[in-house]
$ cat input.cif   # mmCIF, C-alpha atoms and all ligand atoms
data_structure
#
loop_
_atom_site.group_PDB
_atom_site.id
_atom_site.type_symbol
_atom_site.label_atom_id
_atom_site.label_comp_id
_atom_site.auth_asym_id
_atom_site.auth_seq_id
_atom_site.Cartn_x
_atom_site.Cartn_y
_atom_site.Cartn_z
ATOM 1 C CA MET V 1 -15.563 -50.522 -11.323
ATOM 2 C CA ASN V 2 -16.176 -51.082 -7.604
ATOM 3 C CA PRO V 3 -14.170 -54.298 -7.530
ATOM 4 C CA GLY V 4 -14.985 -54.817 -3.844
ATOM 5 C CA ALA V 5 -18.714 -54.981 -4.498
ATOM 6 C CA GLN V 6 -20.587 -58.246 -4.620
ATOM 7 C CA ASP V 7 -24.229 -59.011 -5.066
ATOM 8 C CA VAL V 8 -25.672 -60.018 -1.731
ATOM 9 C CA ARG V 9 -27.810 -62.700 -3.308
ATOM 10 C CA ALA V 10 -28.844 -62.343 -6.874
ATOM 11 C CA ASP V 11 -32.117 -64.175 -6.317
ATOM 12 C CA ALA V 12 -33.051 -62.648 -2.935
ATOM 13 C CA PRO V 13 -36.164 -60.467 -3.199
ATOM 14 C CA ASP V 14 -35.396 -56.870 -2.282
ATOM 15 C CA PRO V 15 -38.536 -54.717 -2.071
ATOM 16 C CA LEU V 16 -36.442 -51.636 -1.264
ATOM 17 C CA TYR V 17 -34.477 -52.093 -4.467
ATOM 18 C CA GLU V 18 -37.688 -52.165 -6.470
ATOM 19 C CA GLN V 19 -38.691 -48.835 -4.924
ATOM 20 C CA LEU V 20 -35.239 -47.379 -5.533
ATOM 21 C CA ALA V 21 -35.003 -48.602 -9.098
ATOM 22 C CA ALA V 22 -38.238 -46.745 -9.907
ATOM 23 C CA TYR V 23 -36.257 -43.509 -9.504
ATOM 24 C CA ALA V 24 -34.021 -44.329 -12.480
ATOM 25 C CA GLY V 25 -34.630 -41.873 -15.274
ATOM 26 C CA ARG V 26 -36.218 -39.247 -13.052
ATOM 27 C CA PRO V 27 -34.687 -35.775 -13.061
ATOM 28 C CA ALA V 28 -32.414 -34.666 -10.230
ATOM 29 C CA ALA V 29 -32.182 -31.102 -11.568
ATOM 30 C CA THR V 30 -33.853 -29.414 -14.508
ATOM 31 C CA ALA V 31 -32.797 -26.257 -16.363
ATOM 32 C CA ALA V 32 -30.276 -25.346 -13.672
ATOM 33 C CA SER V 33 -27.608 -22.725 -14.206
ATOM 34 C CA GLY V 34 -24.083 -22.194 -12.967
ATOM 35 C CA LYS V 35 -23.519 -19.572 -10.276
ATOM 36 C CA ASP V 36 -20.992 -17.739 -12.442
ATOM 37 C CA PRO V 37 -20.145 -17.701 -16.128
ATOM 38 C CA VAL V 38 -16.849 -19.379 -17.009
ATOM 39 C CA ASN V 39 -14.236 -16.899 -15.755
ATOM 40 C CA LEU V 40 -10.484 -16.394 -15.484
ATOM 41 C CA PRO V 41 -10.203 -16.060 -11.677
ATOM 42 C CA MET V 42 -11.809 -19.472 -11.099
ATOM 43 C CA ILE V 43 -9.616 -20.957 -13.821
ATOM 44 C CA ARG V 44 -6.527 -19.465 -12.180
ATOM 45 C CA HIS V 45 -7.444 -20.801 -8.722
ATOM 46 C CA TRP V 46 -8.123 -24.223 -10.144
ATOM 47 C CA CYS V 47 -4.762 -24.310 -11.957
ATOM 48 C CA GLU V 48 -2.943 -23.155 -8.814
ATOM 49 C CA ALA V 49 -4.642 -25.843 -6.738
ATOM 50 C CA MET V 50 -3.863 -28.523 -9.312
ATOM 51 C CA GLY V 51 -0.361 -27.274 -10.069
ATOM 52 C CA ASP V 52 -1.292 -27.022 -13.760
ATOM 53 C CA THR V 53 0.927 -24.422 -15.461
ATOM 54 C CA SER V 54 -0.283 -24.950 -19.020
ATOM 55 C CA PRO V 55 -0.260 -21.647 -20.976
ATOM 56 C CA ALA V 56 -3.569 -22.724 -22.560
ATOM 57 C CA TYR V 57 -5.331 -21.683 -19.352
ATOM 58 C CA ARG V 58 -3.753 -18.206 -19.046
ATOM 59 C CA GLY V 59 -3.946 -14.818 -20.703
ATOM 60 C CA PRO V 60 -5.959 -13.693 -23.717
ATOM 61 C CA GLY V 61 -7.500 -16.638 -25.527
ATOM 62 C CA ALA V 62 -7.430 -18.785 -22.396
ATOM 63 C CA VAL V 63 -9.791 -21.773 -22.203
ATOM 64 C CA ALA V 64 -10.935 -23.577 -19.071
ATOM 65 C CA PRO V 65 -9.341 -26.897 -18.151
ATOM 66 C CA PRO V 66 -11.892 -29.494 -19.321
ATOM 67 C CA THR V 67 -11.676 -31.266 -15.942
ATOM 68 C CA MET V 68 -13.221 -28.137 -14.370
ATOM 69 C CA LEU V 69 -16.552 -29.178 -15.885
ATOM 70 C CA GLN V 70 -18.203 -29.913 -12.551
ATOM 71 C CA ALA V 71 -16.781 -26.775 -10.911
ATOM 72 C CA TRP V 72 -19.049 -24.535 -13.027
ATOM 73 C CA THR V 73 -22.125 -26.329 -11.716
ATOM 74 C CA MET V 74 -21.292 -26.541 -8.022
ATOM 75 C CA ARG V 75 -23.580 -24.785 -5.568
ATOM 76 C CA GLY V 76 -21.062 -24.099 -2.781
ATOM 77 C CA LEU V 77 -20.898 -25.550 0.698
ATOM 78 C CA ALA V 78 -23.993 -23.891 2.092
ATOM 79 C CA PRO V 79 -27.288 -25.402 0.947
ATOM 80 C CA ALA V 80 -28.986 -23.207 -1.623
ATOM 81 C CA PRO V 81 -32.051 -21.427 -0.256
ATOM 82 C CA GLU V 82 -35.395 -22.720 -1.471
ATOM 83 C CA SER V 83 -35.854 -19.411 -3.287
ATOM 84 C CA ASP V 84 -32.801 -20.052 -5.514
ATOM 85 C CA ASP V 85 -34.447 -21.225 -8.731
ATOM 86 C CA ARG V 86 -31.055 -21.604 -10.470
ATOM 87 C CA THR V 87 -30.545 -24.976 -8.758
ATOM 88 C CA GLY V 88 -33.298 -26.530 -10.847
ATOM 89 C CA ARG V 89 -33.636 -28.941 -7.966
ATOM 90 C CA SER V 90 -36.180 -31.686 -8.464
ATOM 91 C CA PRO V 91 -37.673 -33.509 -5.499
ATOM 92 C CA ALA V 92 -36.824 -36.947 -6.903
ATOM 93 C CA TYR V 93 -33.189 -37.062 -5.795
ATOM 94 C CA ASP V 94 -34.044 -35.851 -2.275
ATOM 95 C CA GLY V 95 -36.814 -38.458 -2.162
ATOM 96 C CA LEU V 96 -34.418 -41.207 -3.202
ATOM 97 C CA LEU V 97 -31.936 -40.249 -0.470
ATOM 98 C CA ARG V 98 -34.709 -40.036 2.138
ATOM 99 C CA LEU V 99 -35.852 -43.523 1.214
ATOM 100 C CA LEU V 100 -32.332 -44.850 1.723
ATOM 101 C CA ASP V 101 -31.852 -42.938 4.988
ATOM 102 C CA GLY V 102 -35.149 -44.243 6.293
ATOM 103 C CA ALA V 103 -34.109 -47.825 5.545
ATOM 104 C CA GLY V 104 -30.915 -47.374 7.592
ATOM 105 C CA TYR V 105 -28.517 -46.678 4.707
ATOM 106 C CA THR V 106 -27.484 -43.388 6.255
ATOM 107 C CA SER V 107 -23.785 -43.272 5.373
ATOM 108 C CA VAL V 108 -22.590 -41.898 2.059
ATOM 109 C CA VAL V 109 -19.346 -41.994 0.157
ATOM 110 C CA ALA V 110 -18.573 -40.705 -3.331
ATOM 111 C CA THR V 111 -17.038 -43.588 -5.245
ATOM 112 C CA ASP V 112 -16.154 -42.334 -8.713
ATOM 113 C CA CYS V 113 -16.977 -39.982 -11.540
ATOM 114 C CA GLU V 114 -16.691 -40.084 -15.307
ATOM 115 C CA GLN V 115 -16.631 -37.070 -17.560
ATOM 116 C CA GLU V 116 -16.958 -36.589 -21.289
ATOM 117 C CA TYR V 117 -15.959 -33.317 -22.963
ATOM 118 C CA LEU V 118 -17.789 -32.164 -26.068
ATOM 119 C CA ARG V 119 -16.645 -28.562 -26.358
ATOM 120 C CA LEU V 120 -13.986 -26.334 -24.780
ATOM 121 C CA LEU V 121 -15.286 -23.778 -22.294
ATOM 122 C CA ARG V 122 -14.159 -20.156 -22.581
ATOM 123 C CA PRO V 123 -14.477 -17.179 -20.260
ATOM 124 C CA GLY V 124 -17.940 -15.694 -20.631
ATOM 125 C CA ASP V 125 -19.675 -18.975 -21.457
ATOM 126 C CA LEU V 126 -22.981 -19.317 -19.614
ATOM 127 C CA ILE V 127 -23.398 -22.720 -18.050
ATOM 128 C CA THR V 128 -26.710 -24.532 -17.794
ATOM 129 C CA TYR V 129 -27.351 -28.168 -17.040
ATOM 130 C CA ASP V 130 -29.851 -30.911 -16.428
ATOM 131 C CA SER V 131 -29.217 -33.814 -14.134
ATOM 132 C CA VAL V 132 -30.876 -37.204 -14.131
ATOM 133 C CA ILE V 133 -30.839 -40.189 -11.785
ATOM 134 C CA GLU V 134 -29.289 -42.597 -14.224
ATOM 135 C CA SER V 135 -29.320 -45.808 -12.204
ATOM 136 C CA VAL V 136 -29.527 -47.391 -8.784
ATOM 137 C CA SER V 137 -27.638 -50.644 -8.300
ATOM 138 C CA PRO V 138 -29.019 -53.738 -6.624
ATOM 139 C CA ARG V 139 -27.911 -54.061 -3.027
ATOM 140 C CA LYS V 140 -24.170 -54.655 -2.770
ATOM 141 C CA THR V 141 -21.835 -55.511 0.053
ATOM 142 C CA THR V 142 -18.507 -53.711 0.127
ATOM 143 C CA LYS V 143 -15.774 -53.424 2.739
ATOM 144 C CA LEU V 144 -17.526 -50.295 4.045
ATOM 145 C CA GLY V 145 -20.866 -51.999 4.467
ATOM 146 C CA THR V 146 -23.981 -52.942 2.537
ATOM 147 C CA GLY V 147 -25.817 -50.426 0.383
ATOM 148 C CA TYR V 148 -26.768 -49.146 -3.049
ATOM 149 C CA PHE V 149 -24.755 -47.316 -5.688
ATOM 150 C CA VAL V 150 -26.615 -44.300 -7.043
ATOM 151 C CA THR V 151 -25.430 -42.800 -10.331
ATOM 152 C CA THR V 152 -26.464 -39.383 -11.576
ATOM 153 C CA ARG V 153 -25.591 -37.929 -14.941
ATOM 154 C CA MET V 154 -25.315 -34.220 -15.508
ATOM 155 C CA ASP V 155 -25.555 -32.888 -19.060
ATOM 156 C CA VAL V 156 -23.751 -29.551 -19.193
ATOM 157 C CA ARG V 157 -24.337 -26.888 -21.817
ATOM 158 C CA ALA V 158 -22.401 -23.714 -22.645
ATOM 159 C CA ASN V 159 -24.451 -20.943 -24.202
ATOM 160 C CA GLY V 160 -27.034 -23.598 -24.913
ATOM 161 C CA GLU V 161 -24.658 -25.982 -26.757
ATOM 162 C CA PRO V 162 -23.771 -29.415 -25.345
ATOM 163 C CA ALA V 163 -20.423 -29.030 -23.565
ATOM 164 C CA GLY V 164 -19.979 -32.313 -21.690
ATOM 165 C CA THR V 165 -21.396 -34.871 -19.328
ATOM 166 C CA HIS V 166 -20.500 -35.512 -15.724
ATOM 167 C CA ARG V 167 -21.469 -38.879 -14.286
ATOM 168 C CA PHE V 168 -21.199 -39.132 -10.521
ATOM 169 C CA ARG V 169 -21.629 -42.214 -8.351
ATOM 170 C CA ILE V 170 -22.167 -42.496 -4.637
ATOM 171 C CA LEU V 171 -22.629 -45.454 -2.321
ATOM 172 C CA LYS V 172 -25.379 -45.030 0.261
ATOM 173 C CA TYR V 173 -24.663 -47.704 2.834
ATOM 174 C CA ARG V 174 -25.123 -49.071 6.289
ATOM 175 C CA SER V 175 -21.775 -49.258 8.028
ATOM 176 C CA ALA V 176 -20.368 -52.760 8.478
ATOM 177 C CA GLU V 177 -18.894 -51.739 11.811
ATOM 178 C CA ARG V 178 -21.309 -51.246 14.689
ATOM 179 C CA PRO V 179 -19.667 -48.962 17.262
ATOM 180 C CA THR V 180 -21.822 -50.372 20.069
ATOM 181 C CA GLN V 181 -20.410 -53.818 19.439
ATOM 182 C CA ARG V 182 -16.810 -52.684 19.664
ATOM 183 C CA LYS V 183 -14.822 -54.243 22.461
ATOM 184 C CA ALA V 184 -13.936 -51.908 25.282
ATOM 185 C CA PRO V 185 -10.370 -50.703 24.889
ATOM 186 C CA LEU V 186 -7.795 -52.065 27.312
ATOM 187 C CA ARG V 187 -5.625 -49.960 29.510
ATOM 188 C CA PRO V 188 -2.176 -49.344 28.116
ATOM 189 C CA ARG V 189 0.331 -51.947 29.314
ATOM 190 C CA PRO V 190 2.958 -50.804 31.794
ATOM 191 C CA VAL V 191 6.455 -50.613 30.376
ATOM 192 C CA ILE V 192 8.428 -53.209 32.312
ATOM 193 C CA ASN V 193 12.212 -52.974 32.134
ATOM 194 C CA ARG V 194 15.192 -54.112 34.201
ATOM 195 C CA ASP V 195 14.889 -51.063 36.470
ATOM 196 C CA ASN V 196 11.279 -51.736 37.511
ATOM 197 C CA ALA V 197 10.786 -55.473 36.874
ATOM 198 C CA GLY V 198 10.992 -56.153 40.627
ATOM 199 C CA PHE V 199 8.066 -53.844 41.273
ATOM 200 C CA TRP V 200 5.825 -55.665 38.773
ATOM 201 C CA ALA V 201 6.984 -59.043 40.103
ATOM 202 C CA GLY V 202 5.736 -57.824 43.495
ATOM 203 C CA VAL V 203 2.371 -56.740 42.019
ATOM 204 C CA ALA V 204 1.961 -60.227 40.572
ATOM 205 C CA GLU V 205 2.234 -61.541 44.159
ATOM 206 C CA HIS V 206 -0.037 -58.793 45.533
ATOM 207 C CA ARG V 207 2.851 -57.110 47.288
ATOM 208 C CA LEU V 208 3.663 -53.425 46.869
ATOM 209 C CA LEU V 209 7.443 -53.286 47.066
ATOM 210 C CA ILE V 210 9.366 -50.123 47.864
ATOM 211 C CA GLN V 211 13.043 -49.872 47.035
ATOM 212 C CA ARG V 212 15.448 -49.221 49.909
ATOM 213 C CA CYS V 213 19.026 -48.054 49.525
ATOM 214 C CA THR V 214 21.264 -50.537 51.314
ATOM 215 C CA ARG V 215 23.882 -47.829 51.877
ATOM 216 C CA CYS V 216 21.747 -45.089 53.517
ATOM 217 C CA ALA V 217 18.376 -46.852 54.013
ATOM 218 C CA THR V 218 16.452 -44.146 52.100
ATOM 219 C CA LEU V 219 13.224 -45.480 50.630
ATOM 220 C CA ARG V 220 12.403 -44.586 47.051
ATOM 221 C CA PHE V 221 9.393 -44.857 44.780
ATOM 222 C CA PRO V 222 8.917 -45.131 41.822
ATOM 223 C CA TRP V 223 11.726 -47.544 41.232
ATOM 224 C CA LEU V 224 15.030 -46.081 40.051
ATOM 225 C CA PRO V 225 18.483 -47.529 39.357
ATOM 226 C CA GLY V 226 20.205 -45.401 42.019
ATOM 227 C CA CYS V 227 19.631 -43.598 45.306
ATOM 228 C CA ASN V 228 18.781 -39.904 45.077
ATOM 229 C CA ALA V 229 20.164 -39.315 48.588
ATOM 230 C CA CYS V 230 23.607 -40.953 48.351
ATOM 231 C CA ALA V 231 23.881 -42.157 44.724
ATOM 232 C CA GLY V 232 24.291 -45.709 45.974
ATOM 233 C CA GLN V 233 23.343 -48.352 43.432
ATOM 234 C CA GLU V 234 22.721 -51.263 45.789
ATOM 235 C CA TRP V 235 19.206 -51.767 47.062
ATOM 236 C CA ASP V 236 16.748 -54.171 48.577
ATOM 237 C CA THR V 237 13.000 -53.835 49.126
ATOM 238 C CA VAL V 238 10.485 -53.428 51.896
ATOM 239 C CA GLU V 239 6.870 -54.392 51.472
ATOM 240 C CA ALA V 240 4.384 -51.565 51.976
ATOM 241 C CA SER V 241 1.896 -52.158 54.747
ATOM 242 C CA GLY V 242 -0.826 -50.837 52.443
ATOM 243 C CA GLU V 243 -1.922 -47.969 54.696
ATOM 244 C CA GLY V 244 -1.839 -44.451 53.307
ATOM 245 C CA THR V 245 -3.619 -41.167 52.831
ATOM 246 C CA VAL V 246 -4.470 -39.088 49.798
ATOM 247 C CA PHE V 247 -1.713 -36.500 49.506
ATOM 248 C CA SER V 248 -3.147 -34.819 46.379
ATOM 249 C CA HIS V 249 -5.564 -35.658 43.615
ATOM 250 C CA VAL V 250 -7.021 -34.580 40.286
ATOM 251 C CA VAL V 251 -10.427 -35.296 38.801
ATOM 252 C CA MET V 252 -10.360 -36.188 35.122
ATOM 253 C CA HIS V 253 -13.425 -34.758 33.378
ATOM 254 C CA HIS V 254 -12.625 -34.602 29.690
ATOM 255 C CA PRO V 255 -11.712 -36.112 27.376
ATOM 256 C CA SER V 256 -12.453 -39.441 28.900
ATOM 257 C CA PHE V 257 -10.610 -42.446 27.514
ATOM 258 C CA PRO V 258 -12.840 -45.514 27.880
ATOM 259 C CA ALA V 259 -10.044 -47.685 29.250
ATOM 260 C CA PHE V 260 -9.722 -45.283 32.178
ATOM 261 C CA ASP V 261 -13.437 -44.979 32.781
ATOM 262 C CA PRO V 262 -14.268 -46.878 35.955
ATOM 263 C CA SER V 263 -17.989 -46.015 35.809
ATOM 264 C CA GLY V 264 -18.299 -47.155 32.217
ATOM 265 C CA GLU V 265 -20.424 -44.073 31.606
ATOM 266 C CA GLY V 266 -17.771 -41.631 30.477
ATOM 267 C CA GLY V 267 -18.067 -39.808 33.770
ATOM 268 C CA PRO V 268 -15.310 -38.114 35.741
ATOM 269 C CA TYR V 269 -12.869 -40.143 37.827
ATOM 270 C CA ALA V 270 -10.275 -39.323 40.454
ATOM 271 C CA VAL V 271 -6.556 -40.014 40.254
ATOM 272 C CA ALA V 272 -4.722 -39.638 43.529
ATOM 273 C CA LEU V 273 -1.187 -39.251 44.747
ATOM 274 C CA VAL V 274 -1.223 -41.471 47.820
ATOM 275 C CA GLU V 275 1.317 -41.079 50.589
ATOM 276 C CA LEU V 276 2.072 -44.447 52.125
ATOM 277 C CA VAL V 277 2.773 -44.629 55.834
ATOM 278 C CA GLU V 278 6.340 -45.620 54.914
ATOM 279 C CA GLY V 279 6.734 -42.077 53.501
ATOM 280 C CA VAL V 280 6.873 -42.588 49.741
ATOM 281 C CA ARG V 281 4.094 -41.561 47.355
ATOM 282 C CA ILE V 282 2.427 -43.486 44.547
ATOM 283 C CA VAL V 283 -0.130 -42.520 41.877
ATOM 284 C CA GLY V 284 -3.248 -44.622 41.610
ATOM 285 C CA ASN V 285 -7.022 -44.747 41.390
ATOM 286 C CA VAL V 286 -9.091 -44.304 44.514
ATOM 287 C CA VAL V 287 -11.966 -46.776 44.600
ATOM 288 C CA GLY V 288 -14.935 -47.219 46.882
ATOM 289 C CA VAL V 289 -16.018 -43.561 46.931
ATOM 290 C CA PRO V 290 -17.448 -41.291 44.240
ATOM 291 C CA TYR V 291 -14.852 -39.150 42.515
ATOM 292 C CA ASP V 292 -16.112 -36.016 44.263
ATOM 293 C CA LYS V 293 -15.612 -37.564 47.716
ATOM 294 C CA VAL V 294 -11.873 -37.949 47.224
ATOM 295 C CA ARG V 295 -10.091 -35.336 49.336
ATOM 296 C CA VAL V 296 -6.657 -34.560 50.661
ATOM 297 C CA GLY V 297 -6.057 -36.534 53.847
ATOM 298 C CA LEU V 298 -8.553 -39.285 52.971
ATOM 299 C CA PRO V 299 -7.336 -42.547 54.543
ATOM 300 C CA VAL V 300 -6.935 -45.314 51.949
ATOM 301 C CA ARG V 301 -5.836 -48.911 51.930
ATOM 302 C CA LEU V 302 -3.989 -50.756 49.189
ATOM 303 C CA GLU V 303 -5.649 -53.489 47.215
ATOM 304 C CA PHE V 304 -5.052 -55.089 43.857
ATOM 305 C CA GLN V 305 -7.626 -54.801 41.122
ATOM 306 C CA ARG V 306 -7.805 -56.892 37.990
ATOM 307 C CA MET V 307 -8.296 -54.531 35.033
ATOM 308 C CA ASP V 308 -8.399 -57.256 32.368
ATOM 309 C CA PRO V 309 -7.153 -60.840 32.051
ATOM 310 C CA ASP V 310 -3.547 -59.715 31.653
ATOM 311 C CA LEU V 311 -3.339 -56.701 33.925
ATOM 312 C CA GLU V 312 -3.606 -56.251 37.665
ATOM 313 C CA LEU V 313 -2.858 -52.893 39.267
ATOM 314 C CA PRO V 314 -2.539 -51.533 42.782
ATOM 315 C CA VAL V 315 -5.483 -49.244 43.677
ATOM 316 C CA PHE V 316 -6.471 -47.532 46.904
ATOM 317 C CA ARG V 317 -9.798 -48.124 48.616
ATOM 318 C CA ALA V 318 -11.141 -45.370 50.771
ATOM 319 C CA SER V 319 -11.270 -46.810 54.289
ATOM 320 C CA GLU V 320 -13.882 -44.351 55.516
ATOM 321 C CA GLY V 321 -16.927 -42.722 53.961
ATOM 322 C CA GLY V 322 -14.900 -39.833 52.521
HETATM 323 ZN ZN ZN H 1 21.193 -44.082 49.614
#
$ encode --input "input.cif" --output "structure tokens" --more "lines below"
Ligand code: ZN
Amino acid sequence: MNPGAQDVRADAPDPLYEQLAAYAGRPAATAASGKDPVNLPMIRHWCEAMGDTSPAYRGPGAVAPPTMLQAWTMRGLAPAPESDDRTGRSPAYDGLLRLLDGAGYTSVVATDCEQEYLRLLRPGDLITYDSVIESVSPRKTTKLGTGYFVTTRMDVRANGEPAGTHRFRILKYRSAERPTQRKAPLRPRPVINRDNAGFWAGVAEHRLLIQRCTRCATLRFPWLPGCNACAGQEWDTVEASGEGTVFSHVVMHHPSFPAFDPSGEGGPYAVALVELVEGVRIVGNVVGVPYDKVRVGLPVRLEFQRMDPDLELPVFRASEGG
């Protein structure tokens, strides 16, 4: 059971554990009753969900699948109102969970259950049960984090006769992964192939290179294998002067992807289509002005910005106040 769990230190004093262990043996629910008697519609739904076609669970003389034991005791998704005395709820289990929450063990995962069947359940059987906090483990460290296993045992009765036990174990834990310590994600890498390698070679030298058809002299950007004007495949390059204006832009509000978040605060940012004085257009970030100061016609100037140790990109700095 729980093969990933290890004692943190068997001899380390753990005052919290002593408090938690005092809950062992206390009731979690007393004289509680099932919401419905054992009934055929619930049996049918269960069998459909499980794909169980056994004739034992159908028609006159049907019994309930023994593994449905817990289903007869479940309260539903919505918390039962305080006035519902069928829950038999005792304050001990809530107190135990509050103690763990308060100590920072706020995450929970169900780890396993064990059931024992003492008597078949039949439609019409009235279900009652008691539940007890059976044990709390010493502090353990698992792959999920460090915490305590809490085991409850439910003793289920049908028409007052013992029908089975349901033992249920959860791990209340403090997550091993601290989101605030996560490294900021990197921007996606550009896809560099034989058709655009020359462009990225230019970026590495802080030169923005525009392709030029050597047959008809048409400039083109982004880089393409052939000329859209004359279909010529031969080309050379001209280096952009770096002057341009915002031709169009969008402001990204949501969802923000941290790698594209220049403010680091999840705020909006502008992405512009910049028309270079040479006549071609290029998509890039506008820097140096707040996102809401970016406007069509804004004069910008090319510069190269290091995004991370392995990535430099052309960006456009507003050359006036916006
Ligand atoms: Zn051409």
$ closest_atom_pairs --input "input.cif" --of "chain V" --to "ligand ZN 1 (chain H)" --cutoff "10 Å" --atoms "all atoms listed in the file" --output "Markdown table"
| residue | atom | partner | partner_atom | distance |
| --- | --- | --- | --- | --- |
| V:Arg212 | CA | H:ZN1 | ZN | 7.7 |
| V:Cys213 | CA | H:ZN1 | ZN | 4.5 |
| V:Thr214 | CA | H:ZN1 | ZN | 6.7 |
| V:Arg215 | CA | H:ZN1 | ZN | 5.1 |
| V:Cys216 | CA | H:ZN1 | ZN | 4.1 |
| V:Ala217 | CA | H:ZN1 | ZN | 5.9 |
| V:Thr218 | CA | H:ZN1 | ZN | 5.4 |
| V:Leu219 | CA | H:ZN1 | ZN | 8.2 |
| V:Arg220 | CA | H:ZN1 | ZN | 9.2 |
| V:Gly226 | CA | H:ZN1 | ZN | 7.8 |
| V:Cys227 | CA | H:ZN1 | ZN | 4.6 |
| V:Asn228 | CA | H:ZN1 | ZN | 6.6 |
| V:Ala229 | CA | H:ZN1 | ZN | 5.0 |
| V:Cys230 | CA | H:ZN1 | ZN | 4.1 |
| V:Ala231 | CA | H:ZN1 | ZN | 5.9 |
| V:Gly232 | CA | H:ZN1 | ZN | 5.0 |
| V:Gln233 | CA | H:ZN1 | ZN | 7.8 |
| V:Glu234 | CA | H:ZN1 | ZN | 8.3 |
| V:Trp235 | CA | H:ZN1 | ZN | 8.3 |
$ residues_around --input "input.cif" --residues "Ala22 (chain V)" --least-positions-apart "6" --cutoff "12 Å" --atoms "all atoms listed in the file" --output "ChimeraX atom specification"
/V:15-16,92-93,95-96,99,133-137
$ atom_distance --input "input.cif" --atom1 "CA of Arg44 (chain V)" --atom2 "CA of Met68 (chain V)"
11.2 Å
$ closest_residue --input "input.cif" --among "V:Ser131, V:Ser248, V:Thr165, V:Asn196" --to "Ala24 (chain V)" --atoms "all atoms listed in the file"
V:Ser131
$ residues_around --input "input.cif" --residues "Asp85 (chain V)" --least-positions-apart "6" --cutoff "12 Å" --atoms "only C-alpha atoms" --output "short mmCIF file (atom, residue, chain, number, x, y, z; two decimals) with C-alpha atoms, in the frame of the given file"
data_model
loop_
_atom_site.label_atom_id
_atom_site.label_comp_id
_atom_site.auth_asym_id
_atom_site.auth_seq_id
_atom_site.Cartn_x
_atom_site.Cartn_y
_atom_site.Cartn_z
CA ALA V 29 -32.18 -31.10 -11.57
CA THR V 30 -33.85 -29.41 -14.51
CA ALA V 31 -32.80 -26.26 -16.36
CA ALA V 32 -30.28 -25.35 -13.67
CA SER V 33 -27.61 -22.72 -14.21
CA GLY V 34 -24.08 -22.19 -12.97
CA LYS V 35 -23.52 -19.57 -10.28
CA ARG V 75 -23.58 -24.78 -5.57
#
$ resolve_selection --input "input.cif" --expression "the PyMOL selection byres (((chain V and resi 154-160) around 8) and not hetatm)" --output "PyMOL selection string"
chain V and resi 69+121+125-132+152-153+161-167
$ atom_distance --input "input.cif" --atom1 "CA of Asp195 (chain V)" --atom2 "CA of Arg306 (chain V)"
23.5 Å
$ resolve_selection --input "input.cif" --expression "the PyMOL selection byres (((chain V and resi 124) around 8) and not hetatm)" --output "list in words"
Pro37, Val38, Asn39, Arg122, Pro123, Asp125 and Leu126 of chain V
$ residues_around --input "input.cif" --residues "Ala318 (chain V)" --least-positions-apart "3" --cutoff "8 Å" --atoms "all atoms listed in the file" --output "PyMOL selection string"
chain V and resi 286-289+298-301+321-322
$ residues_around --input "input.cif" --residues "region 253-261 of chain V" --least-positions-apart "6" --cutoff "10 Å" --atoms "all atoms listed in the file" --output "NGL selection string"
:V and (184-188 or 267-270 or 285 or 307)
$ atom_distance --input "input.cif" --atom1 "CA of Ile170 (chain V)" --atom2 "CA of Cys113 (chain V)"
9.0 Å
$ closest_residue --input "input.cif" --among "V:Thr151, V:Thr146, V:Thr73, V:Thr87" --to "Tyr173 (chain V)" --atoms "all atoms listed in the file"
V:Thr146
$ residues_around --input "input.cif" --residues "Glu303 (chain V)" --least-positions-apart "4" --cutoff "8 Å" --atoms "all atoms listed in the file" --output "list in words"
His206, Gly242, Pro314, Val315, Phe316 and Arg317 of chain V
$ closest_residue --input "input.cif" --among "V:Phe304, V:Phe149, V:Tyr57, V:Tyr291" --to "Leu208 (chain V)" --atoms "only C-alpha atoms"
V:Phe304
$ closest_residue --input "input.cif" --among "V:Ala240, V:Ala176, V:Val150, V:Ala71" --to "Gly25 (chain V)" --atoms "all atoms listed in the file"
V:Val150
$ resolve_selection --input "input.cif" --expression "the PyMOL selection byres (((chain V and resi 246) around 7) and not hetatm)" --output "PDB file with C-alpha atoms, keeping the file's coordinate frame"
ATOM      1  CA  GLY V 244      -1.839 -44.451  53.307  1.00  0.00           C
ATOM      2  CA  THR V 245      -3.619 -41.167  52.831  1.00  0.00           C
ATOM      3  CA  PHE V 247      -1.713 -36.500  49.506  1.00  0.00           C
ATOM      4  CA  SER V 248      -3.147 -34.819  46.379  1.00  0.00           C
ATOM      5  CA  ALA V 272      -4.722 -39.638  43.529  1.00  0.00           C
ATOM      6  CA  LEU V 273      -1.187 -39.251  44.747  1.00  0.00           C
ATOM      7  CA  VAL V 274      -1.223 -41.471  47.820  1.00  0.00           C
ATOM      8  CA  GLU V 275       1.317 -41.079  50.589  1.00  0.00           C
ATOM      9  CA  ARG V 295     -10.091 -35.336  49.336  1.00  0.00           C
ATOM     10  CA  VAL V 296      -6.657 -34.560  50.661  1.00  0.00           C
ATOM     11  CA  GLY V 297      -6.057 -36.534  53.847  1.00  0.00           C
ATOM     12  CA  LEU V 298      -8.553 -39.285  52.971  1.00  0.00           C
ATOM     13  CA  PRO V 299      -7.336 -42.547  54.543  1.00  0.00           C
TER      14      PRO V 299
END
